[in-house]
>>> print(open('target04.tsv').read())   # TSV, C-alpha atoms and all ligand atoms
chain	number	residue	atom	x	y	z
Z	1	MET	CA	70.79	169.39	-39.51
Z	2	SER	CA	72.77	172.63	-39.77
Z	3	LYS	CA	75.28	173.64	-37.13
Z	4	LYS	CA	74.32	176.36	-34.72
Z	5	PHE	CA	75.65	179.85	-35.34
Z	6	ARG	CA	76.83	182.03	-32.47
Z	7	ILE	CA	75.13	185.38	-32.81
Z	8	ALA	CA	75.60	188.66	-30.96
Z	9	ILE	CA	73.07	191.47	-30.72
Z	10	ALA	CA	74.35	194.99	-30.17
Z	11	GLY	CA	71.75	197.46	-28.93
Z	12	ALA	CA	69.69	194.65	-27.41
Z	13	SER	CA	68.13	196.95	-24.80
Z	14	GLY	CA	66.31	198.91	-27.51
Z	15	TYR	CA	62.98	197.94	-29.02
Z	16	ALA	CA	64.43	196.48	-32.21
Z	17	GLY	CA	67.25	194.75	-30.31
Z	18	ALA	CA	64.89	193.24	-27.74
Z	19	GLU	CA	62.72	191.93	-30.56
Z	20	LEU	CA	65.84	190.34	-32.04
Z	21	VAL	CA	66.52	188.65	-28.69
Z	22	ARG	CA	62.92	187.38	-28.53
Z	23	LEU	CA	63.05	185.92	-32.04
Z	24	ALA	CA	66.65	184.68	-31.81
Z	25	ALA	CA	65.87	182.78	-28.60
Z	26	ALA	CA	63.35	180.69	-30.55
Z	27	HIS	CA	65.54	180.27	-33.64
Z	28	PRO	CA	66.67	176.65	-34.02
Z	29	TYR	CA	70.11	177.48	-35.43
Z	30	PHE	CA	71.08	180.51	-33.33
Z	31	ASP	CA	72.96	180.47	-30.04
Z	32	ILE	CA	72.93	183.92	-28.49
Z	33	ALA	CA	76.55	184.59	-27.53
Z	34	ALA	CA	76.18	188.14	-26.21
Z	35	VAL	CA	73.82	191.11	-25.96
Z	36	THR	CA	74.85	194.70	-25.43
Z	37	SER	CA	73.54	197.83	-23.75
Z	38	GLU	CA	75.46	200.79	-22.45
Z	39	LYS	CA	72.97	201.95	-19.82
Z	40	SER	CA	71.97	198.46	-18.64
Z	41	ALA	CA	75.42	196.83	-18.78
Z	42	GLY	CA	75.69	194.36	-15.91
Z	43	GLN	CA	71.93	193.84	-15.63
Z	44	SER	CA	70.18	190.66	-16.68
Z	45	VAL	CA	68.05	190.79	-19.81
Z	46	ALA	CA	65.08	189.48	-17.82
Z	47	SER	CA	65.35	192.36	-15.34
Z	48	VAL	CA	64.93	194.84	-18.21
Z	49	PHE	CA	62.49	192.79	-20.31
Z	50	PRO	CA	60.39	190.60	-18.00
Z	51	ASN	CA	58.75	188.97	-21.05
Z	52	LEU	CA	62.10	187.21	-21.57
Z	53	THR	CA	62.27	185.77	-18.03
Z	54	GLY	CA	63.14	182.11	-18.27
Z	55	VAL	CA	63.77	182.47	-22.00
Z	56	VAL	CA	67.31	183.91	-21.99
Z	57	GLN	CA	69.79	183.93	-19.12
Z	58	HIS	CA	72.08	186.61	-20.55
Z	59	THR	CA	73.41	189.76	-18.94
Z	60	PHE	CA	73.87	192.95	-20.95
Z	61	GLU	CA	77.43	194.05	-21.55
Z	62	ALA	CA	78.87	197.28	-22.92
Z	63	LEU	CA	79.63	197.26	-26.63
Z	64	ALA	CA	83.24	196.47	-27.54
Z	65	PRO	CA	82.88	195.57	-31.23
Z	66	GLU	CA	86.20	193.75	-31.76
Z	67	ALA	CA	85.87	191.62	-28.62
Z	68	LEU	CA	82.21	190.96	-29.43
Z	69	ALA	CA	83.07	189.85	-32.95
Z	70	GLU	CA	85.59	187.32	-31.59
Z	71	ARG	CA	82.78	185.54	-29.74
Z	72	ALA	CA	80.26	185.42	-32.57
Z	73	ASP	CA	79.95	184.08	-36.10
Z	74	ALA	CA	77.39	186.72	-36.98
Z	75	LEU	CA	76.31	190.04	-35.53
Z	76	PHE	CA	73.11	192.06	-35.54
Z	77	LEU	CA	73.62	195.74	-34.79
Z	78	ALA	CA	70.52	197.60	-33.60
Z	79	LEU	CA	72.19	200.89	-32.67
Z	80	PRO	CA	70.95	204.40	-33.42
Z	81	HIS	CA	71.70	205.93	-36.81
Z	82	THR	CA	75.24	207.33	-37.09
Z	83	LYS	CA	76.40	205.14	-34.17
Z	84	SER	CA	76.72	202.04	-36.31
Z	85	GLN	CA	79.29	203.19	-38.85
Z	86	GLU	CA	82.36	202.25	-36.81
Z	87	PRO	CA	81.09	199.06	-35.11
Z	88	VAL	CA	79.99	197.70	-38.50
Z	89	ALA	CA	83.43	198.40	-39.97
Z	90	LEU	CA	85.16	196.65	-37.06
Z	91	CYS	CA	82.92	193.58	-37.27
Z	92	MET	CA	83.50	193.42	-41.03
Z	93	LYS	CA	87.25	193.65	-40.46
Z	94	ALA	CA	86.94	190.65	-38.14
Z	95	GLY	CA	85.42	188.74	-41.08
Z	96	LYS	CA	81.97	188.20	-39.57
Z	97	LEU	CA	78.51	188.27	-41.11
Z	98	VAL	CA	76.82	191.54	-40.21
Z	99	VAL	CA	73.24	192.74	-40.45
Z	100	ASP	CA	72.97	196.39	-39.49
Z	101	LEU	CA	69.50	197.65	-38.61
Z	102	SER	CA	70.42	201.33	-38.67
Z	103	ALA	CA	70.38	203.54	-41.73
Z	104	ASP	CA	74.17	203.89	-41.79
Z	105	TYR	CA	74.73	201.57	-44.75
Z	106	ARG	CA	71.39	201.80	-46.57
Z	107	LEU	CA	72.06	204.68	-48.95
Z	108	LYS	CA	74.52	203.99	-51.75
Z	109	ASN	CA	75.19	207.66	-52.34
Z	110	VAL	CA	77.49	208.98	-49.63
Z	111	ALA	CA	76.51	212.59	-50.29
Z	112	ALA	CA	72.84	211.70	-49.82
Z	113	TYR	CA	73.65	209.98	-46.52
Z	114	GLU	CA	75.66	212.95	-45.30
Z	115	GLN	CA	72.89	215.36	-46.32
Z	116	TRP	CA	69.96	213.44	-44.80
Z	117	TYR	CA	71.77	212.27	-41.66
Z	118	GLN	CA	73.81	215.45	-41.18
Z	119	THR	CA	76.96	213.54	-40.40
Z	120	PRO	CA	80.07	212.47	-42.35
Z	121	HIS	CA	80.35	208.83	-43.36
Z	122	THR	CA	83.65	207.42	-42.14
Z	123	HIS	CA	83.50	204.20	-44.18
Z	124	PRO	CA	82.06	205.11	-47.59
Z	125	ALA	CA	83.74	202.15	-49.30
Z	126	LEU	CA	81.59	199.79	-47.26
Z	127	LEU	CA	78.41	201.42	-48.64
Z	128	HIS	CA	79.07	199.58	-51.88
Z	129	GLU	CA	79.68	196.29	-50.14
Z	130	ALA	CA	76.43	196.55	-48.20
Z	131	VAL	CA	73.37	194.93	-49.75
Z	132	TYR	CA	69.97	196.49	-49.06
Z	133	GLY	CA	68.29	193.82	-46.99
Z	134	LEU	CA	64.89	193.42	-48.59
Z	135	PRO	CA	64.88	189.70	-49.48
Z	136	GLU	CA	61.86	189.95	-51.78
Z	137	LEU	CA	63.92	192.24	-54.05
Z	138	HIS	CA	67.56	191.35	-53.39
Z	139	ARG	CA	67.51	187.70	-52.38
Z	140	SER	CA	70.49	186.41	-54.33
Z	141	ALA	CA	72.70	189.40	-53.46
Z	142	ILE	CA	71.83	189.02	-49.77
Z	143	ALA	CA	72.74	185.34	-49.85
Z	144	LYS	CA	76.24	186.27	-51.05
Z	145	ALA	CA	76.66	189.34	-48.81
Z	146	LYS	CA	78.83	189.78	-45.75
Z	147	LEU	CA	77.13	193.05	-44.85
Z	148	VAL	CA	73.41	193.71	-45.10
Z	149	ALA	CA	71.79	197.06	-44.39
Z	150	SER	CA	68.36	196.16	-43.12
Z	151	PRO	CA	65.63	198.46	-44.47
Z	152	GLY	CA	63.76	201.06	-42.49
Z	153	CYS	CA	60.29	200.21	-41.28
Z	154	TYR	CA	58.36	202.71	-43.43
Z	155	PRO	CA	60.48	201.86	-46.51
Z	156	THR	CA	59.77	198.15	-46.07
Z	157	ALA	CA	56.04	198.74	-46.43
Z	158	ALA	CA	56.30	201.46	-49.08
Z	159	ILE	CA	58.74	199.65	-51.35
Z	160	LEU	CA	56.96	196.30	-51.16
Z	161	GLN	CA	53.54	197.82	-51.86
Z	162	LEU	CA	54.80	199.63	-54.98
Z	163	ALA	CA	57.50	197.28	-56.32
Z	164	PRO	CA	55.31	195.31	-58.78
Z	165	LEU	CA	54.12	198.52	-60.47
Z	166	PHE	CA	57.67	199.87	-60.77
Z	167	ALA	CA	59.06	196.58	-62.01
Z	168	LYS	CA	56.72	196.90	-64.99
Z	169	GLY	CA	57.41	200.61	-65.45
Z	170	LEU	CA	53.72	201.41	-65.13
Z	171	VAL	CA	53.79	204.41	-62.83
Z	172	GLN	CA	53.52	208.09	-63.79
Z	173	LEU	CA	56.59	209.32	-61.96
Z	174	ASP	CA	55.09	212.64	-60.89
Z	175	SER	CA	52.18	211.02	-59.09
Z	176	ILE	CA	53.57	209.04	-56.15
Z	177	VAL	CA	52.11	209.85	-52.74
Z	178	ILE	CA	52.83	207.74	-49.66
Z	179	ASP	CA	50.86	208.37	-46.50
Z	180	ALA	CA	52.06	206.16	-43.65
Z	181	LYS	CA	51.23	205.68	-39.98
Z	182	SER	CA	53.47	204.16	-37.35
Z	183	GLY	CA	53.07	202.93	-33.81
Z	184	ILE	CA	55.22	204.65	-31.23
Z	185	SER	CA	57.80	201.88	-30.78
Z	186	GLY	CA	59.07	203.05	-34.19
Z	187	ALA	CA	60.64	205.97	-32.36
Z	188	GLY	CA	62.73	203.71	-30.11
Z	189	ARG	CA	62.80	203.30	-26.34
Z	190	SER	CA	64.34	206.60	-25.31
Z	191	PRO	CA	61.62	208.80	-23.84
Z	192	ALA	CA	60.80	212.16	-25.43
Z	193	LEU	CA	57.83	214.52	-25.17
Z	194	PRO	CA	55.95	213.51	-28.36
Z	195	TYR	CA	55.89	209.90	-27.10
Z	196	HIS	CA	54.68	210.78	-23.59
Z	197	PHE	CA	51.23	209.18	-22.97
Z	198	PRO	CA	49.14	212.38	-22.72
Z	199	GLU	CA	50.78	213.76	-25.85
Z	200	ALA	CA	50.46	210.66	-28.02
Z	201	HIS	CA	47.25	209.07	-26.71
Z	202	GLU	CA	44.09	210.07	-28.65
Z	203	SER	CA	46.32	211.90	-31.09
Z	204	LEU	CA	47.29	211.42	-34.73
Z	205	GLU	CA	50.31	213.43	-35.66
Z	206	PRO	CA	51.80	213.98	-39.12
Z	207	TYR	CA	55.48	214.83	-38.86
Z	208	LYS	CA	58.52	215.65	-41.02
Z	209	ILE	CA	56.26	216.23	-44.04
Z	210	GLY	CA	58.43	216.03	-47.16
Z	211	LYS	CA	61.56	215.94	-44.94
Z	212	HIS	CA	61.72	212.46	-43.52
Z	213	ARG	CA	65.01	210.55	-43.81
Z	214	HIS	CA	63.22	207.56	-45.31
Z	215	ILE	CA	62.49	209.53	-48.49
Z	216	PRO	CA	65.90	208.93	-50.13
Z	217	GLU	CA	65.78	205.28	-49.12
Z	218	ILE	CA	62.39	204.68	-50.74
Z	219	GLU	CA	63.41	206.66	-53.83
Z	220	GLN	CA	66.71	204.76	-54.12
Z	221	GLU	CA	64.99	201.39	-54.13
Z	222	LEU	CA	62.06	202.28	-56.38
Z	223	SER	CA	64.47	203.87	-58.86
Z	224	GLY	CA	66.66	200.77	-58.60
Z	225	ILE	CA	63.74	198.50	-59.49
Z	226	MET	CA	63.29	200.54	-62.67
Z	227	GLY	CA	67.03	200.37	-63.35
Z	228	THR	CA	67.16	204.17	-63.50
Z	229	PRO	CA	68.95	205.71	-60.50
Z	230	GLY	CA	67.41	209.01	-59.45
Z	231	ALA	CA	64.25	208.53	-61.52
Z	232	VAL	CA	61.76	208.49	-58.68
Z	233	THR	CA	60.55	211.34	-56.48
Z	234	ILE	CA	57.93	210.68	-53.85
Z	235	ALA	CA	55.73	212.77	-51.60
Z	236	PHE	CA	55.92	211.07	-48.19
Z	237	THR	CA	54.10	211.92	-44.99
Z	238	PRO	CA	54.60	209.78	-41.88
Z	239	HIS	CA	52.23	209.95	-38.92
Z	240	LEU	CA	52.57	208.93	-35.30
Z	241	VAL	CA	49.55	206.96	-34.05
Z	242	PRO	CA	48.80	205.79	-30.54
Z	243	MET	CA	49.58	202.09	-31.07
Z	244	ASN	CA	52.56	200.27	-29.59
Z	245	ARG	CA	53.58	198.66	-32.85
Z	246	GLY	CA	52.57	198.43	-36.46
Z	247	ILE	CA	52.74	200.45	-39.66
Z	248	LEU	CA	49.98	201.10	-42.14
Z	249	SER	CA	51.13	202.63	-45.39
Z	250	THR	CA	48.71	203.86	-48.05
Z	251	ALA	CA	50.31	204.71	-51.38
Z	252	TYR	CA	48.61	206.49	-54.27
Z	253	CYS	CA	49.87	206.71	-57.82
Z	254	LYS	CA	48.63	207.16	-61.38
Z	255	LEU	CA	49.49	204.74	-64.13
Z	256	LYS	CA	50.73	205.64	-67.60
Z	257	THR	CA	47.87	203.67	-69.14
Z	258	GLU	CA	44.66	202.44	-67.61
Z	259	ILE	CA	44.84	198.90	-66.22
Z	260	LYS	CA	41.80	197.26	-64.71
Z	261	LEU	CA	41.91	196.13	-61.11
Z	262	PRO	CA	41.79	192.36	-61.78
Z	263	GLU	CA	44.80	192.70	-64.06
Z	264	LEU	CA	46.69	194.74	-61.47
Z	265	ARG	CA	45.97	192.17	-58.81
Z	266	ALA	CA	47.14	189.40	-61.15
Z	267	LEU	CA	50.37	191.34	-61.62
Z	268	TYR	CA	50.92	191.44	-57.84
Z	269	ARG	CA	50.15	187.73	-57.53
Z	270	GLU	CA	52.71	186.95	-60.21
Z	271	PHE	CA	55.39	189.28	-58.76
Z	272	TYR	CA	55.04	187.85	-55.26
Z	273	LYS	CA	54.47	184.22	-56.28
Z	274	GLY	CA	56.05	181.93	-53.68
Z	275	GLU	CA	56.96	184.76	-51.30
Z	276	ARG	CA	56.58	183.35	-47.81
Z	277	PHE	CA	56.08	186.67	-46.07
Z	278	ILE	CA	53.90	188.57	-48.52
Z	279	ARG	CA	50.15	188.14	-48.16
Z	280	LEU	CA	47.90	189.70	-50.75
Z	281	TYR	CA	44.38	190.77	-49.83
Z	282	GLU	CA	41.43	191.62	-52.02
Z	283	ASP	CA	38.20	191.70	-50.02
Z	284	ILE	CA	39.96	192.46	-46.76
Z	285	VAL	CA	42.08	195.59	-46.32
Z	286	PRO	CA	45.46	195.19	-44.53
Z	287	ASN	CA	45.46	196.32	-40.94
Z	288	PRO	CA	48.33	196.38	-38.41
Z	289	ARG	CA	46.16	194.20	-36.16
Z	290	TYR	CA	46.58	191.27	-38.55
Z	291	ILE	CA	50.38	191.23	-38.58
Z	292	LYS	CA	51.27	192.13	-34.99
Z	293	GLY	CA	54.30	190.11	-33.87
Z	294	SER	CA	54.67	188.40	-37.27
Z	295	ASN	CA	57.06	188.76	-40.18
Z	296	PHE	CA	54.29	189.23	-42.74
Z	297	CYS	CA	53.85	192.21	-44.99
Z	298	ASP	CA	50.18	192.33	-45.94
Z	299	ILE	CA	49.38	194.16	-49.16
Z	300	GLY	CA	46.12	195.07	-50.86
Z	301	VAL	CA	45.69	196.70	-54.26
Z	302	TYR	CA	42.59	198.78	-54.82
Z	303	ALA	CA	41.56	201.34	-57.37
Z	304	ASP	CA	39.82	204.64	-57.16
Z	305	GLN	CA	38.72	204.24	-60.75
Z	306	ARG	CA	36.54	207.35	-60.78
Z	307	ALA	CA	39.53	209.57	-60.00
Z	308	GLY	CA	42.05	207.42	-61.85
Z	309	TRP	CA	44.33	206.52	-58.94
Z	310	VAL	CA	45.70	203.16	-57.91
Z	311	VAL	CA	45.65	202.82	-54.13
Z	312	THR	CA	47.80	200.22	-52.40
Z	313	VAL	CA	47.70	199.51	-48.69
Z	314	ALA	CA	50.46	197.70	-46.78
Z	315	ALA	CA	50.81	196.69	-43.16
Z	316	VAL	CA	53.93	195.51	-41.35
Z	317	ASP	CA	54.94	195.19	-37.73
Z	318	ASN	CA	57.67	197.81	-37.53
Z	319	LEU	CA	59.61	195.66	-35.06
Z	320	VAL	CA	59.34	192.39	-37.02
Z	321	LYS	CA	59.12	192.66	-40.83
Z	322	GLY	CA	60.14	196.31	-40.34
Z	323	ALA	CA	63.21	195.43	-38.23
Z	324	ALA	CA	64.16	192.27	-36.31
Z	325	GLY	CA	62.27	189.69	-38.39
Z	326	GLN	CA	63.53	191.08	-41.65
Z	327	ALA	CA	67.08	191.19	-40.26
Z	328	ILE	CA	66.82	187.50	-39.34
Z	329	GLN	CA	65.29	186.71	-42.74
Z	330	ALA	CA	68.39	188.24	-44.35
Z	331	MET	CA	70.79	186.56	-41.93
Z	332	ASN	CA	69.17	183.17	-42.66
Z	333	LEU	CA	69.96	183.73	-46.33
Z	334	MET	CA	73.54	184.78	-45.54
Z	335	MET	CA	73.99	181.61	-43.45
Z	336	GLY	CA	72.51	179.36	-46.13
Z	337	LEU	CA	69.49	178.51	-43.97
Z	338	PRO	CA	65.90	178.41	-45.21
Z	339	GLU	CA	64.83	182.03	-45.26
Z	340	GLU	CA	61.82	181.51	-43.03
Z	341	THR	CA	63.71	179.75	-40.23
Z	342	GLY	CA	62.47	181.00	-36.87
Z	343	LEU	CA	59.99	183.39	-38.45
Z	344	THR	CA	56.92	181.37	-39.27
Z	345	ALA	CA	54.71	182.22	-36.27
Z	346	PRO	CA	51.53	184.13	-37.18
Z	347	GLY	CA	50.70	187.37	-35.43
Z	348	SER	CA	48.74	187.62	-32.23
Z	349	TYR	CA	45.12	188.76	-32.36
Z	350	PRO	CA	43.71	191.17	-31.37
Z	401	LIG	N1	62.08	200.85	-33.72
Z	401	LIG	C1	61.82	200.45	-34.95
Z	401	LIG	O1	60.65	200.27	-35.32
Z	401	LIG	C2	62.91	200.24	-35.94
Z	401	LIG	C3	64.21	200.56	-35.66
Z	401	LIG	N2	65.17	200.39	-36.61
Z	401	LIG	C4	66.54	200.80	-36.36
Z	401	LIG	O2	67.14	199.98	-35.37
Z	401	LIG	C5	68.02	200.75	-34.60
Z	401	LIG	C6	67.58	200.66	-33.15
Z	401	LIG	O3	66.30	201.23	-33.03
Z	401	LIG	P1	65.43	201.15	-31.71
Z	401	LIG	O4	65.54	199.81	-31.12
Z	401	LIG	O5	64.12	201.68	-32.06
Z	401	LIG	O6	66.21	202.21	-30.80
Z	401	LIG	P2	66.31	202.27	-29.23
Z	401	LIG	O7	66.60	203.68	-28.90
Z	401	LIG	O8	65.13	201.63	-28.61
Z	401	LIG	O9	67.60	201.38	-28.90
Z	401	LIG	C7	68.90	201.78	-29.20
Z	401	LIG	C8	69.89	200.74	-28.68
Z	401	LIG	O10	71.22	201.17	-28.98
Z	401	LIG	C9	71.99	201.30	-27.78
Z	401	LIG	N3	72.88	202.45	-27.91
Z	401	LIG	C10	72.52	203.76	-27.99
Z	401	LIG	N4	73.60	204.54	-28.20
Z	401	LIG	C11	74.66	203.69	-28.25
Z	401	LIG	C12	76.06	203.88	-28.44
Z	401	LIG	N5	76.58	205.09	-28.63
Z	401	LIG	N6	76.86	202.80	-28.41
Z	401	LIG	C13	76.36	201.57	-28.22
Z	401	LIG	N7	75.04	201.32	-28.01
Z	401	LIG	C14	74.22	202.37	-28.06
Z	401	LIG	C15	70.95	201.47	-26.69
Z	401	LIG	O11	71.50	201.02	-25.47
Z	401	LIG	P3	71.27	201.70	-24.03
Z	401	LIG	O12	70.37	202.88	-24.24
Z	401	LIG	O13	70.67	200.64	-23.20
Z	401	LIG	O14	72.62	202.08	-23.57
Z	401	LIG	C16	69.84	200.55	-27.18
Z	401	LIG	O15	70.17	199.21	-26.89
Z	401	LIG	C17	67.96	202.18	-35.11
Z	401	LIG	O16	68.98	202.42	-36.02
Z	401	LIG	C18	66.60	202.19	-35.77
Z	401	LIG	O17	66.46	203.17	-36.74
Z	401	LIG	C19	64.91	199.86	-37.83
Z	401	LIG	C20	63.64	199.51	-38.17
Z	401	LIG	C21	62.53	199.70	-37.25
Z	402	LIG	C1	57.45	206.57	-35.22
Z	402	LIG	C2	58.86	207.00	-35.55
Z	402	LIG	O1	59.38	207.93	-34.99
Z	402	LIG	N1	59.49	206.29	-36.48
Z	402	LIG	C3	60.85	206.57	-36.87
Z	402	LIG	C4	61.28	205.64	-37.94
Z	402	LIG	C5	61.41	204.31	-37.43
Z	402	LIG	C6	62.56	203.55	-37.87
Z	402	LIG	O2	62.52	202.39	-37.64
Z	402	LIG	O3	63.60	204.10	-38.48
Z	402	LIG	P1	64.49	203.24	-39.36
Z	402	LIG	O4	63.52	202.34	-39.97
Z	402	LIG	O5	65.18	204.11	-40.31
Z	402	LIG	O6	65.44	202.48	-38.56
Z	402	LIG	C7	61.04	207.94	-37.48
Z	402	LIG	O7	60.12	208.50	-38.02
Z	402	LIG	O8	62.20	208.38	-37.47
>>> encode(input="target04.tsv", output="structure tokens")
Amino acid sequence: MSKKFRIAIAGASGYAGAELVRLAAAHPYFDIAAVTSEKSAGQSVASVFPNLTGVVQHTFEALAPEALAERADALFLALPHTKSQEPVALCMKAGKLVVDLSADYRLKNVAAYEQWYQTPHTHPALLHEAVYGLPELHRSAIAKAKLVASPGCYPTAAILQLAPLFAKGLVQLDSIVIDAKSGISGAGRSPALPYHFPEAHESLEPYKIGKHRHIPEIEQELSGIMGTPGAVTIAFTPHLVPMNRGILSTAYCKLKTEIKLPELRALYREFYKGERFIRLYEDIVPNPRYIKGSNFCDIGVYADQRAGWVVTVAAVDNLVKGAAGQAIQAMNLMMGLPEETGLTAPGSYP
């Protein structure tokens, strides 16, 4: 039996952080050493998240990265974008394993980060140390990493649903359209007008068309799969849907040569052979209802043969495979644990 690792979760009062607490509490090799919140410092976790009553006894504390790092072997940071740069650097300096859930270390190109996030990067050298935390694509690098930048929720679905086609170089690069829908927890726990019940309920809102900050992340990874940085340009439209959690991503592309559907599906089966968290569908179409609360990414490959498009559909829970679950999957690898440790529960239904 492995030893237990002391873990700390910064930003544990947010949706991604609270999901980390929920999953970490049931992880056989994690001891939660500390959880942070600025606004709820001094309050018990259970008083903020009653679902965790009797599960964790911790009290939130304000984030002091160096002191936090002293008390933990490994840290998860679930802070807003741009707020993670410095805490990550301090935890790295303390020699700890770090999984950062923000976008601060995802983009390898510092100029791209500064352009899309409209803020300077104060630790650009660490961008090259950070491994993009998608285990299905970067497993061996994650296992050796000290710093993992956990992927965004939309990119998780989009990259995984397209990766097998890019790995074979099959896609016409001027034909990639990704149309994705997210539940509202994707926007975090801070209230704002678009997420107010009368605004979001019975609504379906496209936003940031062609301008979303996940565009460079998806393009970076799909280009990387091809081994040609900068090769891929996507058209990406996210939508806000009135669900608490879940992402459904539908991606369209044209292939350089016609490939029949059975052959395409065989290609996906081969690419994802043995992957614990990828489920491939044929007769059923992925739906966020099937993966709620689980670490699965469900993928289906279909073809609009009349019009000549390949259509792939992927579903993830934005807070699990899109955030906390994937972060734990990466941390398991970094700790030398079986990748699926603590993550095997199926979703709830309905
Ligand atoms: N929600 C999602 O579906 C996903 C989120 N992520 C990423 O995870 C991170 C967290 O997201 P999410 O949980 O949605 O966001 P929330 O807004 O729900 O939570 C943010 C957390 O960070 C804390 N925080 C805010 N500002 C600071 C600061 N300056 N210093 C220290 N702590 C701070 C908040 O504490 P408090 O307000 O209590 O003081 C809270 O605990 C983000 O980078 C996000 O992009 C990644 C994938 C999916
Ligand atoms: C619905 C919603 O607002 N979603 C967020 C993305 C969610 C997210 O998790 O962002 P990261 O994955 O980069 O951390 C958005 O569009 O900005």
>>> residues_around(input="target04.tsv", residues="Z:Arg189", least_positions_apart="6", cutoff="9 Å", atoms="all atoms listed in the file", output="ChimeraX atom specification")
/Z:13-15
>>> closest_residue(input="target04.tsv", among="Z:Leu343, Z:Leu319, Z:Ala111, Z:Ala25", to="ligand LIG 401 (chain Z)", atoms="all atoms listed in the file")
Z:Leu319
>>> residues_around(input="target04.tsv", residues="Z:Pro238", least_positions_apart="5", cutoff="9 Å", atoms="all atoms listed in the file", output="compact mmCIF listing (two decimals) with C-alpha atoms, keeping the file's coordinate frame")
# COMPACT_ATOMS: atom_id res chain seq x y z
CA TYR Z 154 58.36 202.71 -43.43
CA ILE Z 178 52.83 207.74 -49.66
CA ASP Z 179 50.86 208.37 -46.50
CA ALA Z 180 52.06 206.16 -43.65
CA LYS Z 181 51.23 205.68 -39.98
CA SER Z 182 53.47 204.16 -37.35
CA GLU Z 205 50.31 213.43 -35.66
CA PRO Z 206 51.80 213.98 -39.12
CA TYR Z 207 55.48 214.83 -38.86
CA LYS Z 208 58.52 215.65 -41.02
CA ILE Z 209 56.26 216.23 -44.04
CA HIS Z 212 61.72 212.46 -43.52
CA SER Z 249 51.13 202.63 -45.39
>>> residues_near_ligand(input="target04.tsv", ligand="ligand LIG 401 (chain Z)", cutoff="7 Å", atoms="all atoms listed in the file", output="number ranges by chain")
Z: 10-17, 36-40, 63, 78-81, 83, 101-103, 151-153, 185-190, 318-319, 322-323
>>> atom_distance(input="target04.tsv", atom1="atom CA of Z:Ala33", atom2="atom CA of Z:Ala8")
5.4 Å
>>> atom_distance(input="target04.tsv", atom1="atom CA of Z:Asp283", atom2="atom CA of Z:Arg245")
24.1 Å
>>> residues_around(input="target04.tsv", residues="Z:Gln115", least_positions_apart="6", cutoff="12 Å", atoms="only C-alpha atoms", output="list of chain:residue names")
Z:Leu107, Z:Asn109, Z:His121, Z:Lys211, Z:His212, Z:Arg213, Z:Pro216
>>> closest_atom_pairs(input="target04.tsv", of="stretch 149-233 of chain Z", to="stretch 288-301 of chain Z", cutoff="12 Å", atoms="only C-alpha atoms", output="JSON lines")
{"residue": "Z:Cys153", "atom": "CA", "partner": "Z:Cys297", "partner_atom": "CA", "distance": 10.9}
{"residue": "Z:Tyr154", "atom": "CA", "partner": "Z:Cys297", "partner_atom": "CA", "distance": 11.5}
{"residue": "Z:Pro155", "atom": "CA", "partner": "Z:Cys297", "partner_atom": "CA", "distance": 11.8}
{"residue": "Z:Thr156", "atom": "CA", "partner": "Z:Cys297", "partner_atom": "CA", "distance": 8.5}
{"residue": "Z:Ala157", "atom": "CA", "partner": "Z:Cys297", "partner_atom": "CA", "distance": 7.0}
{"residue": "Z:Ala158", "atom": "CA", "partner": "Z:Ile299", "partner_atom": "CA", "distance": 10.1}
{"residue": "Z:Ile159", "atom": "CA", "partner": "Z:Cys297", "partner_atom": "CA", "distance": 10.9}
{"residue": "Z:Leu160", "atom": "CA", "partner": "Z:Cys297", "partner_atom": "CA", "distance": 8.0}
{"residue": "Z:Gln161", "atom": "CA", "partner": "Z:Ile299", "partner_atom": "CA", "distance": 6.2}
{"residue": "Z:Leu162", "atom": "CA", "partner": "Z:Val301", "partner_atom": "CA", "distance": 9.6}
{"residue": "Z:Ala163", "atom": "CA", "partner": "Z:Ile299", "partner_atom": "CA", "distance": 11.3}
{"residue": "Z:Pro164", "atom": "CA", "partner": "Z:Val301", "partner_atom": "CA", "distance": 10.7}
{"residue": "Z:Leu165", "atom": "CA", "partner": "Z:Val301", "partner_atom": "CA", "distance": 10.6}
{"residue": "Z:Ala180", "atom": "CA", "partner": "Z:Pro288", "partner_atom": "CA", "distance": 11.7}
{"residue": "Z:Lys181", "atom": "CA", "partner": "Z:Pro288", "partner_atom": "CA", "distance": 9.9}
{"residue": "Z:Ser182", "atom": "CA", "partner": "Z:Pro288", "partner_atom": "CA", "distance": 9.4}
{"residue": "Z:Gly183", "atom": "CA", "partner": "Z:Pro288", "partner_atom": "CA", "distance": 9.3}
>>> atom_distance(input="target04.tsv", atom1="atom CA of Z:Asp100", atom2="atom CA of Z:Ala149")
5.1 Å
>>> closest_residue(input="target04.tsv", among="Z:Ile32, Z:Ile284, Z:Leu170, Z:Ala327", to="ligand LIG 402 (chain Z)", atoms="only C-alpha atoms and all ligand atoms")
Z:Ala327
>>> residues_around(input="target04.tsv", residues="Z:Arg265", least_positions_apart="3", cutoff="9 Å", atoms="all atoms listed in the file", output="list in words")
Lys260, Leu261, Pro262, Tyr268, Arg269, Glu270, Leu280, Glu282, Gly300, Val301 and Tyr302 of chain Z
>>> decode(input="target04.tsv", residues="stretch 239-248 of chain Z", atoms="C-alpha atoms", output="short mmCIF file (atom, residue, chain, number, x, y, z; two decimals), in the first residue's frame")
data_model
loop_
_atom_site.label_atom_id
_atom_site.label_comp_id
_atom_site.auth_asym_id
_atom_site.auth_seq_id
_atom_site.Cartn_x
_atom_site.Cartn_y
_atom_site.Cartn_z
CA HIS Z 239 -22.88 28.59 -25.48
CA LEU Z 240 -24.29 28.96 -21.99
CA VAL Z 241 -27.12 26.51 -21.30
CA PRO Z 242 -29.36 26.32 -18.26
CA MET Z 243 -27.80 23.22 -16.68
CA ASN Z 244 -25.75 23.22 -13.48
CA ARG Z 245 -22.93 21.17 -14.94
CA GLY Z 246 -21.88 19.45 -18.11
CA ILE Z 247 -20.43 20.25 -21.50
CA LEU Z 248 -21.58 19.01 -24.87
#
